[in-house]
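Trainee: File follows, query_18.cif with mmCIF, C-alpha atoms and all ligand atoms:
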```
data_start
#
loop_
_atom_site.label_atom_id
_atom_site.label_comp_id
_atom_site.auth_asym_id
_atom_site.auth_seq_id
_atom_site.Cartn_x
_atom_site.Cartn_y
_atom_site.Cartn_z
CA MET A 1 0.00 0.00 0.00
CA ILE A 2 1.26 3.46 -0.90
CA THR A 3 0.35 6.64 1.02
CA ILE A 4 1.61 10.22 0.93
CA GLY A 5 1.73 12.95 3.58
CA ILE A 6 2.22 16.54 2.47
CA ASP A 7 3.16 19.32 4.91
CA ILE A 8 2.61 22.70 3.25
CA GLY A 9 4.50 25.01 5.64
CA SER A 10 4.59 28.79 5.52
CA THR A 11 8.17 28.62 4.20
CA ALA A 12 8.97 25.06 3.12
CA SER A 13 6.80 22.21 1.86
CA LYS A 14 7.75 18.68 2.75
CA ALA A 15 6.30 15.35 1.58
CA VAL A 16 6.79 11.72 2.57
CA LEU A 17 5.74 8.66 0.56
CA LEU A 18 5.34 5.36 2.40
CA ASN A 19 5.49 2.22 0.30
CA GLY A 20 5.71 -0.79 2.61
CA THR A 21 9.10 -0.49 4.27
CA LYS A 22 10.33 2.01 1.65
CA GLU A 23 10.15 5.75 2.41
CA LEU A 24 10.75 8.64 0.02
CA TYR A 25 11.17 12.32 0.93
CA GLU A 26 10.89 15.58 -0.93
CA ILE A 27 11.24 19.24 0.07
CA MET A 28 10.72 22.48 -1.86
CA PRO A 29 9.91 26.13 -1.10
CA THR A 30 6.17 26.70 -0.64
CA GLY A 31 6.23 29.74 -2.91
CA TRP A 32 3.13 31.76 -3.72
CA SER A 33 0.76 28.90 -4.61
CA PRO A 34 0.38 26.10 -2.04
CA LYS A 35 -2.01 24.33 -4.42
CA GLU A 36 0.58 24.13 -7.23
CA THR A 37 3.33 23.26 -4.76
CA GLY A 38 1.19 20.38 -3.46
CA LYS A 39 0.82 19.01 -6.98
CA ALA A 40 4.50 19.52 -7.81
CA ILE A 41 5.80 17.83 -4.69
CA VAL A 42 3.59 14.77 -5.25
CA SER A 43 4.76 14.54 -8.88
CA ARG A 44 8.39 14.66 -7.76
CA LEU A 45 7.83 11.90 -5.20
CA LEU A 46 6.08 9.68 -7.76
CA GLU A 47 8.88 10.29 -10.25
CA LYS A 48 11.49 9.39 -7.65
CA GLY A 49 9.69 6.12 -6.87
CA HIS A 50 8.82 5.35 -10.53
CA LEU A 51 5.17 5.23 -9.46
CA ARG A 52 1.86 6.41 -10.89
CA ARG A 53 -0.69 8.58 -9.09
CA ASP A 54 -3.37 5.84 -9.30
CA GLN A 55 -1.13 3.52 -7.28
CA VAL A 56 -1.42 5.83 -4.24
CA SER A 57 -4.21 4.78 -1.84
CA LYS A 58 -4.51 7.94 0.26
CA ILE A 59 -2.98 11.42 0.51
CA VAL A 60 -3.23 13.55 3.68
CA ALA A 61 -2.27 17.23 3.75
CA THR A 62 -1.19 19.25 6.76
CA GLY A 63 0.51 22.60 7.46
CA TYR A 64 -0.81 26.10 7.02
CA GLY A 65 -1.77 25.52 3.36
CA ARG A 66 -3.46 22.15 3.95
CA ASP A 67 -6.99 23.24 2.99
CA LEU A 68 -5.80 24.32 -0.47
CA ILE A 69 -4.45 20.92 -1.46
CA SER A 70 -7.16 19.54 -3.73
CA ILE A 71 -5.28 16.31 -4.50
CA ALA A 72 -5.42 15.33 -0.80
CA HIS A 73 -8.20 13.07 0.50
CA LYS A 74 -8.12 14.77 3.88
CA ALA A 75 -6.62 17.80 5.67
CA VAL A 76 -5.37 17.21 9.23
CA THR A 77 -4.01 19.85 11.66
CA GLU A 78 -0.27 20.35 12.04
CA ILE A 79 -0.44 19.63 15.76
CA THR A 80 -1.97 16.17 15.19
CA CYS A 81 0.49 15.33 12.39
CA HIS A 82 3.56 16.59 14.25
CA GLY A 83 2.61 14.56 17.32
CA ARG A 84 2.17 11.41 15.27
CA GLY A 85 5.31 11.95 13.18
CA ALA A 86 7.55 12.76 16.15
CA ALA A 87 6.39 9.66 18.04
CA PHE A 88 7.31 7.61 14.97
CA LEU A 89 10.75 9.24 14.62
CA VAL A 90 11.63 8.93 18.34
CA GLU A 91 10.24 6.07 20.38
CA ASP A 92 8.64 7.04 23.74
CA ALA A 93 8.84 10.78 23.03
CA ASP A 94 6.52 12.76 25.31
CA MET A 95 7.15 16.32 24.10
CA VAL A 96 7.67 17.86 20.66
CA ILE A 97 9.29 21.25 20.16
CA ASP A 98 8.76 22.37 16.57
CA ILE A 99 10.39 25.58 15.32
CA GLY A 100 9.44 26.34 11.75
CA GLY A 101 9.76 29.22 9.33
CA GLN A 102 7.06 31.41 10.84
CA ASP A 103 5.72 29.65 13.90
CA SER A 104 6.79 27.57 16.85
CA LYS A 105 4.85 24.99 18.83
CA VAL A 106 5.29 22.78 21.85
CA ILE A 107 3.18 19.62 21.97
CA LYS A 108 2.78 17.15 24.82
CA ILE A 109 2.13 13.69 23.43
CA HIS A 110 1.25 10.19 24.52
CA ARG A 111 3.79 7.57 23.38
CA SER A 112 1.35 6.64 20.58
CA GLY A 113 1.68 10.17 19.21
CA ARG A 114 -1.77 11.25 20.40
CA VAL A 115 -1.79 14.92 21.41
CA ILE A 116 -2.37 15.64 25.10
CA ASP A 117 -1.86 19.43 25.09
CA PHE A 118 -0.06 22.10 23.09
CA ILE A 119 0.97 25.77 22.90
CA MET A 120 1.53 27.53 19.60
CA ASN A 121 3.08 30.87 18.68
CA ASP A 122 2.05 31.99 15.21
CA LYS A 123 1.54 35.65 16.06
CA CYS A 124 5.10 36.86 16.48
CA ALA A 125 8.25 36.12 14.45
CA ALA A 126 10.42 36.08 17.60
CA GLY A 127 11.04 32.45 18.55
CA THR A 128 10.76 31.27 14.92
CA GLY A 129 13.04 30.65 11.95
CA ARG A 130 12.04 34.04 10.57
CA PHE A 131 13.77 35.79 13.50
CA LEU A 132 17.01 33.97 12.67
CA GLU A 133 16.64 34.58 8.92
CA VAL A 134 16.13 38.34 9.31
CA THR A 135 18.94 38.82 11.82
CA ALA A 136 21.31 36.54 9.84
CA ILE A 137 20.96 38.93 6.89
CA SER A 138 22.12 41.83 9.12
CA LEU A 139 25.21 39.75 9.87
CA GLY A 140 25.83 38.99 6.19
CA LEU A 141 25.09 35.32 6.78
CA ASP A 142 22.65 32.73 5.52
CA VAL A 143 20.48 31.04 8.14
CA SER A 144 22.17 27.70 7.38
CA GLU A 145 25.58 29.20 8.34
CA LEU A 146 24.57 30.46 11.80
CA GLU A 147 25.46 27.23 13.61
CA GLN A 148 29.14 27.52 12.68
CA TYR A 149 29.35 31.08 14.06
CA HIS A 150 28.03 30.18 17.52
CA ASP A 151 30.31 31.23 20.42
CA ARG A 152 28.31 30.46 23.53
CA LYS A 153 31.08 31.25 26.05
CA ASN A 154 31.30 34.87 24.90
CA MET A 155 27.63 35.37 24.07
CA VAL A 156 26.09 38.84 24.20
CA SER A 157 22.46 38.92 25.20
CA ILE A 158 19.95 40.23 22.68
CA ASN A 159 17.38 42.24 24.57
CA SER A 160 14.88 43.11 21.84
CA MET A 161 11.89 40.83 21.78
CA CYS A 162 10.67 42.15 18.46
CA THR A 163 12.38 40.89 15.28
CA VAL A 164 12.57 44.35 13.72
CA PHE A 165 14.17 45.85 16.85
CA ALA A 166 16.50 42.84 17.18
CA GLU A 167 17.73 43.56 13.66
CA THR A 168 18.56 47.14 14.74
CA GLU A 169 20.22 45.83 17.90
CA VAL A 170 22.42 43.48 15.84
CA ILE A 171 23.47 46.36 13.58
CA SER A 172 24.44 48.55 16.56
CA LEU A 173 26.34 45.68 18.24
CA LEU A 174 28.32 45.18 15.02
CA ALA A 175 28.97 48.92 14.86
CA GLY A 176 30.26 48.72 18.45
CA GLY A 177 32.86 46.17 17.35
CA ILE A 178 31.20 43.08 18.85
CA GLY A 179 32.15 39.91 16.93
CA LYS A 180 29.54 38.06 14.86
CA GLU A 181 30.04 34.85 16.84
CA LYS A 182 29.02 36.48 20.13
CA ILE A 183 25.91 37.99 18.54
CA VAL A 184 24.89 34.74 16.83
CA ALA A 185 25.01 32.91 20.17
CA GLY A 186 22.77 35.62 21.65
CA LEU A 187 20.27 35.19 18.80
CA HIS A 188 20.20 31.43 19.29
CA SER A 189 19.65 31.90 22.99
CA SER A 190 16.81 34.36 22.34
CA VAL A 191 14.91 31.89 20.12
CA ALA A 192 15.58 28.94 22.42
CA GLY A 193 14.62 30.93 25.53
CA ARG A 194 11.25 31.97 24.11
CA VAL A 195 10.34 28.46 23.04
CA ALA A 196 11.65 26.96 26.30
CA ASN A 197 9.28 29.25 28.19
CA MET A 198 6.40 27.82 26.16
CA ALA A 199 7.55 24.29 27.11
CA LYS A 200 7.80 25.26 30.78
CA LYS A 201 4.17 26.42 30.70
CA LEU A 202 3.14 22.91 29.62
CA GLY A 203 5.57 21.17 32.00
CA VAL A 204 8.89 20.06 30.50
CA GLY A 205 8.79 16.51 29.13
CA SER A 206 11.25 13.71 29.88
CA LYS A 207 11.91 12.75 26.24
CA ILE A 208 11.91 15.90 24.13
CA VAL A 209 12.06 15.81 20.33
CA PHE A 210 13.13 18.92 18.42
CA THR A 211 11.60 19.17 14.91
CA GLY A 212 11.08 21.74 12.15
CA GLY A 213 13.63 23.45 9.91
CA VAL A 214 15.32 25.27 12.81
CA SER A 215 16.17 21.89 14.38
CA LEU A 216 18.82 21.56 11.62
CA ASN A 217 20.74 24.18 13.61
CA GLY A 218 22.55 22.21 16.34
CA ALA A 219 23.41 25.39 18.26
CA VAL A 220 19.70 26.13 18.85
CA ARG A 221 19.34 22.59 20.20
CA GLU A 222 22.26 23.22 22.59
CA MET A 223 20.63 26.44 23.81
CA LEU A 224 17.28 24.66 24.25
CA LYS A 225 19.03 22.08 26.44
CA LEU A 226 20.50 24.85 28.57
CA HIS A 227 17.22 26.74 28.94
CA LEU A 228 15.22 23.58 29.68
CA GLU A 229 17.92 21.83 31.76
CA ALA A 230 16.90 18.69 29.89
CA ASP A 231 18.10 16.57 27.00
CA VAL A 232 16.71 17.44 23.57
CA LEU A 233 16.83 14.96 20.68
CA THR A 234 16.90 15.82 17.00
CA PRO A 235 16.15 12.77 14.87
CA ALA A 236 17.33 12.48 11.28
CA LEU A 237 14.42 13.76 9.13
CA SER A 238 13.34 16.14 11.92
CA GLN A 239 12.07 18.63 9.32
CA TYR A 240 9.75 15.92 7.95
CA ALA A 241 7.91 15.12 11.21
CA GLY A 242 4.62 16.73 10.09
CA ALA A 243 4.70 15.13 6.64
CA MET A 244 5.58 11.77 8.18
CA GLY A 245 2.62 12.07 10.59
CA ALA A 246 0.33 12.90 7.65
CA ALA A 247 1.60 9.87 5.67
CA LEU A 248 1.01 7.60 8.69
CA ILE A 249 -2.53 8.97 9.15
CA ALA A 250 -3.12 8.36 5.42
CA ARG A 251 -1.96 4.77 5.94
CA ASP A 252 -4.44 4.35 8.84
CA MET A 253 -7.21 5.68 6.59
CA ALA A 254 -6.29 3.30 3.78
CA ASN A 255 -6.29 0.38 6.19
P1 LIG B 301 7.52 25.71 7.82
O1 LIG B 301 6.93 24.31 7.93
O2 LIG B 301 7.03 26.63 8.88
O3 LIG B 301 7.47 26.27 6.46
P2 LIG B 301 10.09 24.42 8.38
O4 LIG B 301 9.80 23.68 9.63
O5 LIG B 301 10.28 23.62 7.14
O6 LIG B 301 9.04 25.58 8.14
O7 LIG B 301 11.37 25.34 8.63
C1 LIG B 301 11.81 26.29 7.70
C2 LIG B 301 12.81 27.18 8.41
O8 LIG B 301 13.89 26.39 8.89
C3 LIG B 301 13.45 28.21 7.51
O9 LIG B 301 12.67 29.36 7.49
C4 LIG B 301 14.80 28.44 8.19
O10 LIG B 301 14.67 29.43 9.19
C5 LIG B 301 15.09 27.13 8.90
N1 LIG B 301 16.10 26.33 8.21
C6 LIG B 301 15.96 25.67 7.04
N2 LIG B 301 17.10 25.04 6.70
C7 LIG B 301 17.99 25.32 7.69
C8 LIG B 301 19.36 24.95 7.93
N3 LIG B 301 20.04 24.18 7.09
N4 LIG B 301 19.93 25.40 9.06
C9 LIG B 301 19.25 26.17 9.91
N5 LIG B 301 17.96 26.55 9.75
C10 LIG B 301 17.34 26.12 8.66
#
```
Once more with this new file: its structure as structure tokens, please.
Mentor:
Amino acid sequence: MITIGIDIGSTASKAVLLNGTKELYEIMPTGWSPKETGKAIVSRLLEKGHLRRDQVSKIVATGYGRDLISIAHKAVTEITCHGRGAAFLVEDADMVIDIGGQDSKVIKIHRSGRVIDFIMNDKCAAGTGRFLEVTAISLGLDVSELEQYHDRKNMVSINSMCTVFAETEVISLLAGGIGKEKIVAGLHSSVAGRVANMAKKLGVGSKIVFTGGVSLNGAVREMLKLHLEADVLTPALSQYAGAMGAALIARDMAN
């Protein structure tokens, strides 16, 4: 049986195809048309697997653009899919911290992946990938380079909560001769601190899984560990947790 999960995020779209024990993955920018991106990402997956569309039993869509995906049989919330996907990626996980392009969420889950409770921030760019993207530009860096510029021991604290003001703060720190590495560590700590506070509101879990695009930055994971005083795991495929959850839910539906 073949199923597909599509996660149409605000920044990046991810898709997972499950074919028995075989798994295929695809990622692309969401762009301006989630509907077209949904079609394109499914085509790419089918091409990769040398499969036809009529061989796919069910498709489930999730993410902010989920309701626009006409090729999907069902749309399921990101919280449900992330819970299910994270539990699949890390056995016995009881908390998911997802930091994406424009939102962050903390989800308490049962070991089956069922959601117990959650907190989401989709109102403010602080505590999201967007905050790091905008401030990285002020430092002349790409967001994927930030990890290698992280100097935690000499970190300067970034006091601005707002992304726009943080950008100004970064520029004035640079003008004051402060090294990039010290600033980058402060930015990582700012994001991690905000999200850790969300986790503390729910009650910090004992097996925490870090997912979403920002989880590719190991320095943010280190700062999360410090703020939470707990271990934080980043599985391979952490950016695909939502799409994986959607593909697993599609498999349940097909069964
Ligand atoms: P969404 O589902 O909200 O669109 P994702 O969870 O896919 O977002 O995360 C996308 C974000 O992840 C990007 O906006 C960027 O901030 C961050 N990101 C992507 N790739 C990397 C990388 N290699 N290193 C660090 N951060 C990354």
Trainee: When distances are computed from only C-alpha atoms, which of A:His110, A:Lys58, A:Lys22, A:His73 shows the smallest separation from Glu91 in chain A?
Mentor: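 The shortest atom-to-atom distance to Glu91 in chain A comes from A:His110.
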Trainee: Could you list, as number ranges by chain, every residue within 10 Å of Thr30 in chain A, counting all atoms listed in the file and ignoring same-chain residues fewer than 4 positions away?
Mentor: A: 7-14, 34-38, 41, 65
Trainee: Neighbours of ligand LIG 301 (chain B) within 10 Å, counting only C-alpha atoms and all ligand atoms, as an MDAnalysis selection string?
Mentor: chainID A and resid 7:14 27:30 62:65 78 98:104 122 128:134 136 142:147 211:220 238:243
Trainee: Quick one: distance from CA of Lys48 in chain A to CA of Glu23 in chain A in Å, one decimal?
Mentor: 10.8 Å
Trainee: Determine the nearest neighbour of Ser189 in chain A from the options A:Leu224, A:Ala246, A:Ile116, A:Leu202, counting only C-alpha atoms.
Mentor: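 Of A:Leu224, A:Ala246, A:Ile116, A:Leu202, the one nearest Ser189 in chain A is A:Leu224, counting only C-alpha atoms.
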Trainee: What is the distance between CA of Thr135 in chain A and CA of Met161 in chain A, in Å to one decimal?
Mentor: 12.4 Å
Trainee: Quick one: residues within 12 Å of (-0.2, 10.4, 11.6) (file frame), counting all atoms listed in the file, please, as a PyMOL selection string.
Mentor: chain A and resi 3-7+16+18+59-62+74-89+112-115+240-253
Trainee: Choose the residue, out of A:Thr168, A:Ala192, A:Leu46, A:Lys200, that has the smallest atom-to-atom separation from Lys225 in chain A; count all atoms listed in the file.
Mentor: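 Nearest candidate to Lys225 in chain A out of A:Thr168, A:Ala192, A:Leu46, A:Lys200: A:Ala192.
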Trainee: In Å, with one decimal, what is the gap from CA of Leu174 in chain A to CA of Leu139 in chain A?
Mentor: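 Separating CA of Leu174 in chain A from CA of Leu139 in chain A is a distance of 8.1 Å.
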